[in-house]
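Everything below concerns the one structure shown next.
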Amino acid sequence: MQWHSVGEFLAMGGYAFYVWGSFGVTFLCMAIESWLLNKRRQRVTQAVKQEAF
Amino acid sequence: MKNMEMKSGFNWLKYASPKTFYPLAGKIIPWCVVSAAVLILYGLYIGLFVAPTDFQQGEGYRIIFVHVPAAWFSMFLYLLMALYAGLGLVLNARLSYMMASAIAPTGAMFTLVALVTGSLWGKPMWGAWWVWDARLTSELILLFLYIGYFSLQAAIDDKNRADKASAVLALVGAINVPIIYFSVKWWNTLHQGASVSLMKAPAMAAVMLKGMLVMAIGFWLYSIAVVLIRVRCEILERDSKAAMFRQD
């Protein structure tokens, strides 16, 4: 374990903005992609169900 | 018929048809989602808690754990997209075209992530958010190629022609991938050399390498999951439209 306190962990040796910014952007992009894709999936399956009847 | 299939063992070609591929993809997706989540969390744990401080870049280097895997997949997914597009052209297989267009958004997303995290890394280490050097410029061109691919597909109404035209674009653009990869060797750039190379021992501590590889496999499984979900949407969209025209 690298860290002695939560504060030290969050500060990232002074690089907090850059490190947390990078991790944040990465997982935000993946989350947005998943969310948009899920919306598309729901829309498509709904349309197919309506077509079937 | 049943017997013939039994004799020939597992019939791979069967899965080249969208109708049979659809349920197969549906079975693979949950496994990929779960293992992607586990590996990404494990990669985060190694990257943020286990990996030691870098002697040159302090804690700032930890960006590597998302930047490098994202950059790898921005390139790898492009090559995979071009491969499927090429297969589509050669075999005139609809599922190949669908795979190519299902891969594109995820590839573009990882390209954007690689560019933004690279920028966030460049600022503290080089003192600039952006420099027009070979690595950064060719990666930006990769993003434009992905955008060009979507735009071309959206611009042509006839789906068949759209598939063919965008496949040609994807294939021609593939030349950019080796340019990105070798840019740090061919030109003098600010960007550091390859972190991992097959030719020589990795230039980093084993635990850092492990964190990066675990994260990369996590991104790989994530990519498989989202691409398969997207290709299933694509199959339903295209085939339900086709079914509508067949109704008369």
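To be explicit about the labels: the chains of the structure tokens are called A, B, and onward in the order shown, and within each one the residues are counted from 1, while ligands get numbers from 1 in the order they are shown.
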
Define the interface residues of chain A facing chain B as those within 9 Å, counting only C-alpha atoms, and report them as a PDB file with C-alpha atoms, in the first residue's frame.
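Just written: selection19.pdb:
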```pdb
ATOM      1  CA  MET A   1       0.000   0.000   0.000  1.00  0.00           C
ATOM      2  CA  GLN A   2       1.361   3.370  -1.095  1.00  0.00           C
ATOM      3  CA  TRP A   3      -0.682   5.750   0.988  1.00  0.00           C
ATOM      4  CA  PHE A   9      -4.271   9.461  -1.743  1.00  0.00           C
ATOM      5  CA  MET A  12      -1.869  12.263  -5.778  1.00  0.00           C
ATOM      6  CA  GLY A  13       1.396  14.009  -4.988  1.00  0.00           C
ATOM      7  CA  GLY A  14       0.105  17.282  -6.397  1.00  0.00           C
ATOM      8  CA  TYR A  15      -1.187  15.722  -9.626  1.00  0.00           C
ATOM      9  CA  ALA A  16      -4.762  15.289  -8.352  1.00  0.00           C
ATOM     10  CA  PHE A  17      -6.412  17.260 -11.179  1.00  0.00           C
ATOM     11  CA  TYR A  18      -4.528  15.406 -13.910  1.00  0.00           C
ATOM     12  CA  VAL A  19      -4.739  11.898 -12.449  1.00  0.00           C
ATOM     13  CA  TRP A  20      -8.369  12.077 -11.296  1.00  0.00           C
ATOM     14  CA  GLY A  21      -9.268  14.006 -14.432  1.00  0.00           C
ATOM     15  CA  SER A  22      -7.861  11.200 -16.601  1.00  0.00           C
ATOM     16  CA  PHE A  23      -9.512   8.380 -14.696  1.00  0.00           C
ATOM     17  CA  VAL A  25     -12.817  11.119 -18.289  1.00  0.00           C
ATOM     18  CA  THR A  26     -12.082   7.476 -19.130  1.00  0.00           C
ATOM     19  CA  CYS A  29     -16.837   8.100 -21.557  1.00  0.00           C
ATOM     20  CA  MET A  30     -17.362   4.361 -21.032  1.00  0.00           C
ATOM     21  CA  GLU A  33     -21.318   4.892 -24.252  1.00  0.00           C
ATOM     22  CA  SER A  34     -23.016   2.149 -22.212  1.00  0.00           C
ATOM     23  CA  LEU A  37     -26.219   1.916 -26.163  1.00  0.00           C
ATOM     24  CA  ASN A  38     -28.707   0.727 -23.570  1.00  0.00           C
ATOM     25  CA  ARG A  40     -30.724   2.248 -28.317  1.00  0.00           C
ATOM     26  CA  ARG A  41     -31.219  -1.395 -27.311  1.00  0.00           C
ATOM     27  CA  VAL A  44     -34.938  -1.269 -30.953  1.00  0.00           C
ATOM     28  CA  THR A  45     -36.418  -4.140 -28.935  1.00  0.00           C
ATOM     29  CA  ALA A  47     -39.896  -1.365 -32.054  1.00  0.00           C
ATOM     30  CA  VAL A  48     -39.451  -5.046 -32.890  1.00  0.00           C
ATOM     31  CA  GLU A  51     -43.845  -4.867 -35.288  1.00  0.00           C
TER      32      GLU A  51
END
```

Inset, instruction - Compile the contact shell of segment 85-88 of chain B as a ChimeraX atom specification: residues with an atom at most 9 Å away, counting only C-alpha atoms, same-chain residues fewer than 6 positions apart removed. - result: /B:94-101,163-164,166-168,170-171

Inset, instruction - Kindly give the distance, in Å, that separates atom CA of Met215 of chain B and atom CA of Ile40 of chain B, rounded to a single decimal. - result: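 It comes out at 5.3 Å.
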
Inset, instruction - Pick out the residues sitting within 9 Å of Ile147 of chain B, and hand them over as a PyMOL selection string; count only C-alpha atoms, and ignore anything fewer than 4 positions along from it in its own chain. - result: chain B and resi 104-105+108+142-143+151-152

Would you output that residue set with C-alpha atoms, as a short mmCIF file (atom, residue, chain, number, x, y, z; two decimals), in the first residue's frame?
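Now in again_27.cif:
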```
data_model
loop_
_atom_site.label_atom_id
_atom_site.label_comp_id
_atom_site.auth_asym_id
_atom_site.auth_seq_id
_atom_site.Cartn_x
_atom_site.Cartn_y
_atom_site.Cartn_z
CA ALA B 104 -16.54 2.14 -34.89
CA PRO B 105 -18.21 4.04 -31.98
CA ALA B 108 -13.77 6.44 -31.55
CA LEU B 142 -7.43 8.49 -36.29
CA LEU B 143 -10.32 10.27 -34.56
CA SER B 151 -20.49 10.46 -41.51
CA LEU B 152 -20.15 8.47 -44.72
#
```
